[in-house]
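Q: Dropping in target06.csv, which is CSV, C-alpha atoms:
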```
chain,number,residue,atom,x,y,z
J,1,MET,CA,-93.7,-18.9,-3.7
J,2,VAL,CA,-95.2,-20.0,-7.0
J,3,SER,CA,-97.5,-23.0,-7.2
J,4,LEU,CA,-97.7,-24.3,-10.8
J,5,TYR,CA,-101.2,-25.2,-11.9
J,6,LYS,CA,-100.7,-24.9,-15.7
J,7,SER,CA,-99.3,-28.5,-15.6
J,8,ARG,CA,-102.6,-29.6,-14.1
J,9,GLY,CA,-104.7,-28.3,-17.0
J,10,TYR,CA,-105.3,-24.7,-15.7
J,11,SER,CA,-104.4,-21.6,-17.6
J,12,PHE,CA,-102.8,-19.9,-14.5
J,13,ASP,CA,-100.4,-20.2,-11.6
J,14,ILE,CA,-101.1,-19.3,-8.0
J,15,THR,CA,-98.4,-17.4,-6.3
J,16,ASN,CA,-97.6,-15.6,-3.0
J,17,SER,CA,-95.1,-13.1,-4.4
J,18,THR,CA,-95.7,-9.5,-5.3
J,19,ALA,CA,-93.3,-10.2,-8.2
J,20,TYR,CA,-96.2,-11.9,-9.8
J,21,ASP,CA,-99.4,-10.7,-8.2
J,22,GLN,CA,-101.0,-9.6,-4.9
J,23,TYR,CA,-101.0,-12.2,-2.3
J,24,PHE,CA,-104.0,-12.9,-0.2
J,25,VAL,CA,-104.6,-10.8,2.9
J,26,TYR,CA,-107.6,-11.7,5.2
J,27,GLY,CA,-110.3,-9.1,5.0
J,28,ARG,CA,-109.4,-7.7,1.6
J,29,PRO,CA,-111.7,-8.1,-1.4
J,30,ILE,CA,-111.1,-11.0,-3.8
J,31,TYR,CA,-112.4,-11.8,-7.3
J,32,GLU,CA,-115.5,-14.1,-7.4
J,33,SER,CA,-113.9,-16.0,-10.3
J,34,ILE,CA,-110.8,-16.7,-8.2
J,35,SER,CA,-113.0,-17.8,-5.3
J,36,ARG,CA,-114.7,-20.3,-7.5
J,37,ILE,CA,-111.4,-21.7,-8.9
J,38,VAL,CA,-110.0,-22.1,-5.4
J,39,ASP,CA,-113.1,-24.0,-4.4
J,40,GLU,CA,-112.6,-26.3,-7.4
J,41,ILE,CA,-108.9,-27.0,-6.5
J,42,PHE,CA,-108.8,-27.0,-2.8
J,43,ASN,CA,-111.8,-29.4,-2.1
J,44,GLN,CA,-110.0,-31.8,0.2
J,45,TYR,CA,-109.4,-31.7,3.9
J,46,VAL,CA,-108.0,-33.8,6.8
J,47,ARG,CA,-110.3,-35.4,9.3
J,48,ILE,CA,-110.3,-38.3,11.8
J,49,GLN,CA,-112.2,-41.4,10.6
J,50,GLY,CA,-115.8,-41.3,11.8
J,51,GLN,CA,-115.8,-37.6,12.4
J,52,ASN,CA,-117.4,-34.8,10.3
J,53,ALA,CA,-115.3,-31.9,11.6
J,54,PRO,CA,-112.1,-31.1,9.8
J,55,TYR,CA,-109.0,-32.0,11.9
J,56,PHE,CA,-107.0,-28.9,12.9
J,57,THR,CA,-103.6,-29.0,11.2
J,58,SER,CA,-100.8,-26.4,11.4
J,59,PHE,CA,-97.8,-26.0,9.1
J,60,CYS,CA,-94.5,-24.2,9.5
J,61,ASN,CA,-91.1,-24.2,7.7
J,62,GLY,CA,-89.4,-26.1,10.6
J,63,THR,CA,-86.4,-23.8,10.8
J,64,THR,CA,-87.2,-20.2,11.5
J,65,ALA,CA,-90.7,-21.2,12.7
J,66,THR,CA,-91.7,-24.4,14.5
J,67,CYS,CA,-95.1,-25.7,15.4
J,68,ARG,CA,-96.8,-28.8,16.8
J,69,GLY,CA,-97.9,-29.8,13.3
J,70,MET,CA,-96.2,-30.5,10.0
J,71,SER,CA,-93.0,-28.8,8.9
J,72,GLN,CA,-91.8,-28.0,5.4
J,73,TRP,CA,-88.2,-29.3,5.8
J,74,GLY,CA,-89.3,-32.6,7.4
J,75,THR,CA,-91.8,-33.3,4.6
J,76,VAL,CA,-89.2,-33.0,1.9
J,77,THR,CA,-87.1,-35.7,3.5
J,78,LEU,CA,-90.2,-38.0,3.8
J,79,ALA,CA,-91.2,-37.3,0.2
J,80,ASN,CA,-87.7,-38.2,-1.0
J,81,GLN,CA,-88.1,-41.5,0.9
J,82,GLY,CA,-91.1,-42.3,-1.3
J,83,LEU,CA,-93.9,-41.7,1.2
J,84,SER,CA,-97.3,-40.7,-0.1
J,85,PRO,CA,-99.0,-37.5,1.0
J,86,LEU,CA,-101.3,-39.4,3.3
J,87,GLN,CA,-98.4,-41.3,4.8
J,88,ILE,CA,-96.5,-38.0,5.4
J,89,LEU,CA,-99.5,-36.5,7.2
J,90,ARG,CA,-99.7,-39.6,9.4
J,91,THR,CA,-96.2,-39.1,10.6
J,92,TYR,CA,-97.2,-35.8,12.1
J,93,TYR,CA,-100.8,-36.4,13.0
J,94,PRO,CA,-102.8,-39.5,14.3
J,95,LYS,CA,-102.6,-42.7,12.3
J,96,ASN,CA,-106.3,-42.7,11.8
J,97,ILE,CA,-106.6,-39.5,9.9
J,98,GLU,CA,-107.9,-39.5,6.3
J,99,ILE,CA,-108.2,-37.1,3.4
J,100,ALA,CA,-111.8,-36.4,2.7
J,101,GLU,CA,-113.2,-34.7,-0.4
J,102,THR,CA,-116.2,-32.5,-0.6
J,103,ASN,CA,-118.0,-31.1,-3.7
J,104,ILE,CA,-120.3,-28.9,-1.6
J,105,TYR,CA,-119.5,-25.3,-2.3
J,106,THR,CA,-121.7,-22.7,-0.7
J,107,GLY,CA,-121.6,-19.2,0.7
J,108,VAL,CA,-121.3,-18.8,4.4
J,109,LEU,CA,-124.3,-20.5,5.9
J,110,SER,CA,-125.5,-19.5,9.4
J,111,SER,CA,-125.5,-22.6,11.7
J,112,TYR,CA,-128.6,-21.2,13.5
J,113,PRO,CA,-131.7,-22.9,12.1
J,114,GLY,CA,-133.5,-19.6,11.8
J,115,THR,CA,-136.4,-20.3,14.2
J,116,PRO,CA,-136.2,-21.0,17.9
J,117,LEU,CA,-136.1,-24.6,19.2
J,118,LYS,CA,-138.6,-25.2,22.0
J,119,THR,CA,-140.8,-27.9,23.5
J,120,GLY,CA,-142.3,-29.9,20.7
J,121,SER,CA,-139.6,-29.1,18.1
J,122,THR,CA,-138.1,-32.0,16.2
J,123,GLY,CA,-135.4,-32.7,13.7
J,124,LEU,CA,-131.6,-32.7,13.2
J,125,ASP,CA,-131.2,-29.2,14.8
J,126,VAL,CA,-132.7,-30.5,18.0
J,127,GLU,CA,-130.4,-33.6,17.9
J,128,THR,CA,-127.5,-31.2,17.3
J,129,ILE,CA,-128.3,-29.2,20.5
J,130,GLN,CA,-128.9,-32.4,22.5
J,131,THR,CA,-125.5,-33.8,21.4
J,132,TYR,CA,-123.7,-30.6,22.2
J,133,LEU,CA,-125.3,-30.2,25.7
J,134,ASN,CA,-124.7,-33.8,26.7
J,135,ARG,CA,-121.0,-33.3,25.9
J,136,ILE,CA,-120.8,-29.9,27.6
J,137,ARG,CA,-122.3,-31.4,30.8
J,138,GLN,CA,-119.1,-33.5,31.2
J,139,ASN,CA,-117.4,-30.2,32.0
J,140,TYR,CA,-120.4,-28.6,33.6
J,141,PRO,CA,-122.1,-31.4,35.6
J,142,ALA,CA,-124.8,-29.1,36.9
J,143,ILE,CA,-126.5,-29.4,33.5
J,144,PRO,CA,-128.9,-32.4,33.7
J,145,VAL,CA,-128.6,-35.3,31.3
J,146,ILE,CA,-130.9,-35.3,28.3
J,147,THR,CA,-133.1,-38.5,28.2
J,148,ASP,CA,-135.5,-37.4,25.4
J,149,ASP,CA,-135.3,-39.4,22.2
J,150,PRO,CA,-132.7,-38.0,19.8
J,151,GLY,CA,-134.2,-35.2,17.7
J,152,ILE,CA,-137.2,-34.6,20.0
J,153,PHE,CA,-137.4,-31.5,22.3
J,154,TRP,CA,-139.2,-32.5,25.4
J,155,ASP,CA,-138.9,-32.0,29.2
J,156,SER,CA,-135.3,-33.2,29.8
J,157,THR,CA,-134.0,-31.1,26.8
J,158,LYS,CA,-135.8,-28.0,28.1
J,159,ALA,CA,-134.3,-28.6,31.6
J,160,ALA,CA,-130.8,-28.9,30.2
J,161,VAL,CA,-131.2,-25.8,28.1
J,162,THR,CA,-132.7,-23.8,31.0
J,163,LYS,CA,-129.8,-24.8,33.3
J,164,PHE,CA,-127.2,-24.0,30.6
J,165,GLN,CA,-128.8,-20.5,30.2
J,166,SER,CA,-128.7,-19.8,33.9
J,167,ILE,CA,-125.0,-20.8,34.1
J,168,PHE,CA,-124.0,-18.5,31.3
J,169,ASN,CA,-126.2,-15.5,32.2
J,170,LEU,CA,-128.8,-16.0,29.4
J,171,ALA,CA,-132.5,-15.6,29.9
J,172,PRO,CA,-133.5,-19.0,31.4
J,173,ASP,CA,-136.6,-19.6,29.3
J,174,GLY,CA,-135.7,-23.1,28.0
J,175,ILE,CA,-135.9,-21.9,24.4
J,176,VAL,CA,-132.9,-22.1,22.1
J,177,GLY,CA,-132.9,-18.8,20.3
J,178,LYS,CA,-130.0,-17.3,18.4
J,179,SER,CA,-128.0,-16.2,21.4
J,180,THR,CA,-128.4,-19.6,23.2
J,181,TRP,CA,-127.7,-21.5,20.0
J,182,TYR,CA,-124.4,-19.7,19.4
J,183,LYS,CA,-123.4,-19.9,23.1
J,184,ILE,CA,-124.0,-23.6,23.1
J,185,SER,CA,-122.0,-24.0,19.9
J,186,SER,CA,-119.2,-21.9,21.3
J,187,LEU,CA,-118.9,-23.9,24.5
J,188,TYR,CA,-119.1,-27.2,22.5
J,189,THR,CA,-116.2,-26.0,20.3
J,190,ALA,CA,-114.2,-25.1,23.4
J,191,VAL,CA,-114.8,-28.4,25.4
J,192,THR,CA,-114.1,-30.6,22.4
J,193,ARG,CA,-111.1,-28.5,21.3
J,194,LEU,CA,-112.3,-28.5,17.7
J,195,ALA,CA,-109.6,-25.9,16.9
J,196,GLU,CA,-106.8,-27.9,18.5
J,197,LEU,CA,-104.6,-30.7,17.4
J,198,ASP,CA,-106.2,-33.0,20.0
J,199,SER,CA,-109.7,-32.3,18.8
J,200,GLU,CA,-112.5,-34.7,19.8
J,201,GLY,CA,-114.4,-33.9,16.6
J,202,THR,CA,-118.1,-34.7,16.0
J,203,THR,CA,-119.9,-37.6,14.4
J,204,LEU,CA,-123.5,-36.4,14.3
J,205,GLY,CA,-124.4,-37.2,10.6
J,206,ILE,CA,-127.9,-36.5,9.3
J,207,GLY,CA,-129.7,-37.9,12.4
J,208,THR,CA,-132.7,-40.1,12.6
J,209,VAL,CA,-135.5,-37.6,13.0
J,210,PRO,CA,-136.5,-35.5,9.9
J,211,PRO,CA,-136.1,-31.7,10.2
J,212,ASP,CA,-139.3,-29.8,10.9
J,213,SER,CA,-138.6,-27.1,8.4
J,214,VAL,CA,-140.6,-26.5,5.3
J,215,LEU,CA,-138.3,-26.1,2.2
J,216,ARG,CA,-139.2,-24.7,-1.2
J,217,GLN,CA,-137.4,-23.1,-4.1
J,218,GLY,CA,-135.2,-20.3,-2.8
J,219,SER,CA,-134.5,-21.9,0.6
J,220,ARG,CA,-130.9,-22.2,1.8
J,221,GLY,CA,-129.0,-23.7,4.6
J,222,GLN,CA,-128.1,-27.0,6.3
J,223,ASP,CA,-131.5,-28.5,5.9
J,224,VAL,CA,-131.3,-28.0,2.2
J,225,ILE,CA,-127.9,-29.8,2.2
J,226,THR,CA,-129.5,-32.7,4.1
J,227,LEU,CA,-132.4,-32.8,1.6
J,228,GLN,CA,-129.9,-32.8,-1.4
J,229,TYR,CA,-127.8,-35.6,0.2
J,230,LEU,CA,-130.9,-37.8,0.7
J,231,LEU,CA,-132.1,-37.2,-2.8
J,232,ASP,CA,-128.6,-38.0,-4.2
J,233,VAL,CA,-128.5,-41.3,-2.4
J,234,ILE,CA,-132.1,-42.2,-3.3
J,235,SER,CA,-131.5,-41.3,-7.0
J,236,GLU,CA,-129.0,-44.2,-7.3
J,237,PHE,CA,-131.8,-46.7,-6.6
J,238,TYR,CA,-134.7,-44.9,-8.3
J,239,PRO,CA,-133.7,-44.0,-11.9
J,240,GLY,CA,-136.6,-41.6,-12.4
J,241,ILE,CA,-135.3,-39.3,-9.6
J,242,PRO,CA,-132.5,-37.0,-10.8
J,243,ALA,CA,-129.6,-36.3,-8.4
J,244,PRO,CA,-129.5,-32.6,-7.4
J,245,ALA,CA,-126.3,-30.5,-6.9
J,246,GLN,CA,-125.3,-30.6,-3.2
J,247,ASP,CA,-124.8,-26.8,-2.8
J,248,GLY,CA,-127.1,-25.9,0.0
J,249,ILE,CA,-129.3,-23.9,-2.3
J,250,PHE,CA,-132.9,-25.0,-3.2
J,251,GLY,CA,-132.8,-24.2,-6.9
J,252,SER,CA,-134.8,-25.5,-9.9
J,253,GLY,CA,-132.7,-28.7,-10.1
J,254,THR,CA,-133.5,-29.5,-6.5
J,255,ARG,CA,-137.2,-28.7,-7.1
J,256,GLN,CA,-137.2,-31.1,-10.0
J,257,SER,CA,-135.7,-33.9,-7.9
J,258,VAL,CA,-138.2,-33.3,-5.1
J,259,ILE,CA,-141.2,-33.4,-7.6
J,260,ALA,CA,-139.8,-36.6,-9.1
J,261,PHE,CA,-139.5,-38.1,-5.6
J,262,GLN,CA,-143.0,-37.1,-4.6
J,263,GLN,CA,-144.4,-38.5,-7.8
J,264,THR,CA,-142.6,-41.8,-7.2
J,265,MET,CA,-143.8,-42.0,-3.6
J,266,GLY,CA,-147.4,-41.1,-4.5
J,267,LEU,CA,-147.3,-37.7,-2.7
J,268,ASN,CA,-148.6,-34.4,-3.8
J,269,ALA,CA,-146.0,-33.3,-6.3
J,270,ASP,CA,-145.8,-29.6,-5.4
J,271,GLY,CA,-142.0,-29.4,-5.1
J,272,ILE,CA,-142.4,-28.3,-1.4
J,273,VAL,CA,-140.7,-30.4,1.3
J,274,GLY,CA,-143.0,-30.5,4.3
J,275,ALA,CA,-143.5,-33.1,7.0
J,276,LEU,CA,-144.9,-35.9,4.8
J,277,THR,CA,-142.1,-35.5,2.2
J,278,TRP,CA,-139.4,-35.4,4.9
J,279,LYS,CA,-140.8,-38.6,6.5
J,280,ALA,CA,-140.9,-40.3,3.1
J,281,LEU,CA,-137.3,-39.3,2.4
J,282,TYR,CA,-136.0,-40.6,5.7
J,283,ASP,CA,-138.1,-43.8,5.4
J,284,THR,CA,-136.8,-44.4,1.9
J,285,TYR,CA,-133.2,-43.7,2.9
J,286,GLN,CA,-133.3,-46.0,5.9
J,287,GLY,CA,-135.0,-48.7,3.8
J,288,ILE,CA,-132.1,-48.5,1.3
J,289,ASN,CA,-129.5,-48.9,4.0
J,290,GLN,CA,-131.3,-51.9,5.5
J,291,ASN,CA,-132.1,-53.8,2.3
J,292,VAL,CA,-129.3,-53.3,-0.2
J,293,PRO,CA,-127.9,-56.8,-0.6
J,294,SER,CA,-124.2,-57.5,-0.3
J,295,PRO,CA,-122.6,-59.2,-3.4
J,296,LYS,CA,-121.6,-62.8,-2.9
J,297,PRO,CA,-117.8,-63.0,-2.2
J,298,GLU,CA,-115.4,-64.8,-4.6
J,299,PRO,CA,-113.7,-67.9,-3.3
J,300,GLY,CA,-111.0,-66.9,-0.8
J,301,ILE,CA,-112.3,-63.3,-0.8
J,302,THR,CA,-114.6,-61.5,1.6
J,303,THR,CA,-116.3,-58.2,0.8
J,304,TYR,CA,-116.7,-55.1,2.9
J,305,VAL,CA,-118.9,-52.0,2.2
J,306,VAL,CA,-117.2,-48.8,3.1
J,307,GLN,CA,-118.8,-46.9,5.9
J,308,ALA,CA,-118.5,-43.2,6.9
J,309,GLY,CA,-115.1,-42.7,8.6
J,310,ASP,CA,-113.4,-45.8,7.1
J,311,SER,CA,-109.9,-45.7,5.6
J,312,LEU,CA,-107.7,-48.3,4.0
J,313,TRP,CA,-105.5,-48.3,7.1
J,314,LEU,CA,-108.4,-48.9,9.5
J,315,ILE,CA,-109.8,-51.7,7.2
J,316,ALA,CA,-106.4,-53.3,6.9
J,317,GLN,CA,-106.0,-53.3,10.7
J,318,ARG,CA,-109.5,-54.7,11.1
J,319,TYR,CA,-109.0,-57.6,8.8
J,320,ASN,CA,-105.4,-58.3,9.8
J,321,THR,CA,-104.0,-57.5,6.3
J,322,THR,CA,-102.1,-54.7,4.6
J,323,ILE,CA,-103.1,-51.6,2.7
J,324,ASN,CA,-101.2,-52.8,-0.4
J,325,ALA,CA,-103.0,-56.2,-0.4
J,326,ILE,CA,-106.4,-54.4,-0.4
J,327,LYS,CA,-105.2,-51.9,-3.1
J,328,ASN,CA,-103.8,-54.7,-5.3
J,329,LEU,CA,-106.9,-56.8,-5.0
J,330,ASN,CA,-109.2,-53.9,-5.9
J,331,GLY,CA,-107.0,-52.2,-8.5
J,332,LEU,CA,-106.9,-49.0,-6.4
J,333,THR,CA,-104.4,-46.3,-7.3
J,334,SER,CA,-105.0,-44.0,-4.3
J,335,ASP,CA,-106.0,-44.2,-0.7
J,336,MET,CA,-109.3,-42.4,-1.3
J,337,LEU,CA,-112.5,-44.3,-0.5
J,338,SER,CA,-116.2,-43.5,-1.0
J,339,ILE,CA,-119.1,-44.4,1.3
J,340,GLY,CA,-120.9,-47.4,-0.1
J,341,GLN,CA,-117.9,-48.6,-2.1
J,342,VAL,CA,-117.5,-52.4,-2.0
J,343,LEU,CA,-114.0,-53.7,-1.3
J,344,LYS,CA,-112.6,-57.2,-1.7
J,345,ILE,CA,-110.6,-58.3,1.3
J,346,PRO,CA,-108.3,-61.4,1.4
J,347,ALA,CA,-110.6,-63.8,3.3
J,348,SER,CA,-107.8,-66.0,4.6
J,349,GLN,CA,-106.5,-63.2,6.7
J,350,ALA,CA,-109.9,-61.9,7.9
J,351,LEU,CA,-110.7,-61.8,11.6
J,352,PRO,CA,-113.9,-63.6,12.8
J,353,TYR,CA,-115.5,-60.2,13.5
J,354,ILE,CA,-115.7,-56.7,12.2
J,355,GLU,CA,-115.1,-53.7,14.5
J,356,TYR,CA,-117.9,-51.1,14.0
J,357,THR,CA,-118.2,-47.7,15.6
J,358,VAL,CA,-121.8,-46.8,16.6
J,359,ARG,CA,-123.2,-43.8,14.8
J,360,SER,CA,-126.4,-41.7,15.4
J,361,GLY,CA,-129.5,-43.8,14.5
J,362,ASP,CA,-127.8,-47.2,14.9
J,363,THR,CA,-129.7,-50.0,16.7
J,364,LEU,CA,-128.7,-53.6,17.3
J,365,TRP,CA,-131.5,-54.7,14.9
J,366,LEU,CA,-130.3,-52.4,12.1
J,367,LEU,CA,-126.7,-53.6,12.5
J,368,ALA,CA,-127.8,-57.2,12.5
J,369,GLN,CA,-129.7,-56.6,9.3
J,370,ARG,CA,-126.9,-54.7,7.7
J,371,TYR,CA,-124.2,-57.4,8.5
J,372,ASN,CA,-126.5,-60.4,7.9
J,373,THR,CA,-126.3,-61.6,11.5
J,374,THR,CA,-128.5,-61.6,14.6
J,375,VAL,CA,-129.0,-59.3,17.5
J,376,GLU,CA,-128.2,-62.2,19.9
J,377,ALA,CA,-124.9,-62.9,18.1
J,378,ILE,CA,-123.8,-59.3,18.5
J,379,ARG,CA,-124.9,-59.2,22.1
J,380,ASN,CA,-123.0,-62.4,22.9
J,381,LEU,CA,-119.8,-61.3,21.1
J,382,ASN,CA,-119.7,-58.0,23.0
J,383,GLY,CA,-121.1,-59.2,26.4
J,384,LEU,CA,-124.0,-56.8,26.1
J,385,THR,CA,-126.8,-57.1,28.7
J,386,SER,CA,-129.2,-54.5,27.0
J,387,ASP,CA,-130.0,-53.1,23.6
J,388,ILE,CA,-128.8,-49.6,24.5
J,389,LEU,CA,-126.0,-48.3,22.3
J,390,ASN,CA,-123.9,-45.1,22.6
J,391,ILE,CA,-122.5,-43.0,19.8
J,392,GLY,CA,-118.8,-43.8,19.5
J,393,GLN,CA,-119.1,-47.2,21.1
J,394,VAL,CA,-117.0,-49.9,19.3
J,395,LEU,CA,-118.8,-53.1,18.6
J,396,ARG,CA,-117.6,-56.4,17.3
J,397,ILE,CA,-119.9,-57.7,14.5
J,398,PRO,CA,-119.7,-61.4,13.5
J,399,ALA,CA,-118.1,-61.7,10.1
J,400,ASN,CA,-120.1,-64.0,7.9
```
Starting from the coordinates I provided, produce the structure as structure tokens.
A:
Amino acid sequence: MVSLYKSRGYSFDITNSTAYDQYFVYGRPIYESISRIVDEIFNQYVRIQGQNAPYFTSFCNGTTATCRGMSQWGTVTLANQGLSPLQILRTYYPKNIEIAETNIYTGVLSSYPGTPLKTGSTGLDVETIQTYLNRIRQNYPAIPVITDDPGIFWDSTKAAVTKFQSIFNLAPDGIVGKSTWYKISSLYTAVTRLAELDSEGTTLGIGTVPPDSVLRQGSRGQDVITLQYLLDVISEFYPGIPAPAQDGIFGSGTRQSVIAFQQTMGLNADGIVGALTWKALYDTYQGINQNVPSPKPEPGITTYVVQAGDSLWLIAQRYNTTINAIKNLNGLTSDMLSIGQVLKIPASQALPYIEYTVRSGDTLWLLAQRYNTTVEAIRNLNGLTSDILNIGQVLRIPAN
């Protein structure tokens, strides 16, 4: 098989035929230059709206080999009918899948945060473990429910960790070290079927509690990616702060962004991200989300700000319109959307409410501020008797 990339501006083709070159075999060495080019080209993946985890997809030729996923012969027929790549995928997989794009290219990063989590620990790593354990307990009800605030490791988190350890023959010390971390991750992957076509996925996001790590030039890992993401968003509203590359590596560019942020916020500009800088980053990020004004709609038009997990199909369903109507009104040539993108929606077809899926960190007050409504209006529309929200809960928000 020869895939032609010269027509796309590259000076090479990628093949899977020894008539041209050596095809890829897992475990064999590859050239670093080829690895970088593959990262550049293959930077899109399939996911369910609102989820971070890639959606498991399988592919077969549909004749000599069949599978539960997409087949080669079937796709040719659909393509000849004029269906787009996303429409073809949605004939094989759920209708609410989307094609996401990432420009984050890193080496293999260990998911383990590097230091044990225990009573008093805070941050996204703690929130990750809490989310995983609360899901695992649906299959293992002996594990007690975690009632601590998200991202804060206190008594109920320790009790859940200790019970998990005793069930799976780990030292029941209530501390999440490397072995406990990976055992919890392994069980979470199993119970949510992340490697299956009916995967539940995950929607954790960056959390609401800052990490408790101290980052400086040379640091690597997930916390660095979180830092770079926050700085990238903040840079759009503070021109003096340069946006760093989101590569998970704390290099000189990230250090310059951190120093500029610290100077802007009146902090000690040492380029080191400790507790005070983390707090300022999260406070600034949350302030931006709460206070960015929505543009006034044109007559006969309402506007919508794209959220994580949105797709044109979901938005069209929500507003009782069509994908083509939204694309034509906004001059879109593809189905790709970006978080924060403002879309025009035909107002005459809009429903009197917006459906919103609750994410980590959401509160009724924050949602009321974001959508220019009141807490009481949201409560009444959804028949809520308390302010408690659950991640994944679908709310109706009054459309103003």
Q: Nearest residue to Val145 (chain J) out of J:Lys158, J:Lys327, J:Arg216, J:Arg359, using only C-alpha atoms?
A: J:Lys158
Q: Which one of J:Leu231, J:Met336, J:Leu170, J:Ala160 sits closest to Val46 (chain J) if you count all atoms listed in the file?
A: J:Met336
Q: Give me the residues near Lys178 (chain J) as a PyMOL selection string, where near means some atom within 8 Å (using all atoms listed in the file) and where sequence neighbours in that chain fewer than 6 positions away do not count.
A: chain J and resi 112+114+116
Q: Please dump the current selection as a short mmCIF file (atom, residue, chain, number, x, y, z; two decimals), keeping the file's coordinate frame; keep C-alpha atoms.
A:
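Output file out.cif is given in full below:
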```cif
data_model
loop_
_atom_site.label_atom_id
_atom_site.label_comp_id
_atom_site.auth_asym_id
_atom_site.auth_seq_id
_atom_site.Cartn_x
_atom_site.Cartn_y
_atom_site.Cartn_z
CA TYR J 112 -128.60 -21.20 13.50
CA GLY J 114 -133.50 -19.60 11.80
CA PRO J 116 -136.20 -21.00 17.90
#
```
Q: Between J:Trp278, J:Tyr132, J:Tyr353, J:Phe153, which residue has the minimum interatomic distance to Ser185 (chain J), considering all atoms listed in the file?
A: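 Looking at the shortest contact to Ser185 (chain J), the residue is J:Tyr132.
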Q: Looking at J:Gly361, J:Glu127, J:Gly69, J:Thr321, which one is nearest to Asp212 (chain J), with distances taken over all atoms listed in the file?
A: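 So, comparing all the options, the nearest one is J:Glu127.
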Q: Taking 2 positions as the minimum chain separation for residues in the same chain, which residues sit within 7 Å of Trp73 (chain J) when counting all atoms listed in the file? Answer as a list in words.
A: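 Once the nearby chain positions are removed, what remains is Asn61, Gly62, Ser71, Thr75, Val76 and Thr77 of chain J.
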Q: Which of these, J:Ser219, J:Thr302, J:Asn330, J:Gln228, has the shortest distance to Leu281 (chain J) once you count only C-alpha atoms?
A: J:Gln228
Q: In Å to one decimal, how far is CA of Gly120 (chain J) from CA of Ala269 (chain J)?
A: 27.5 Å
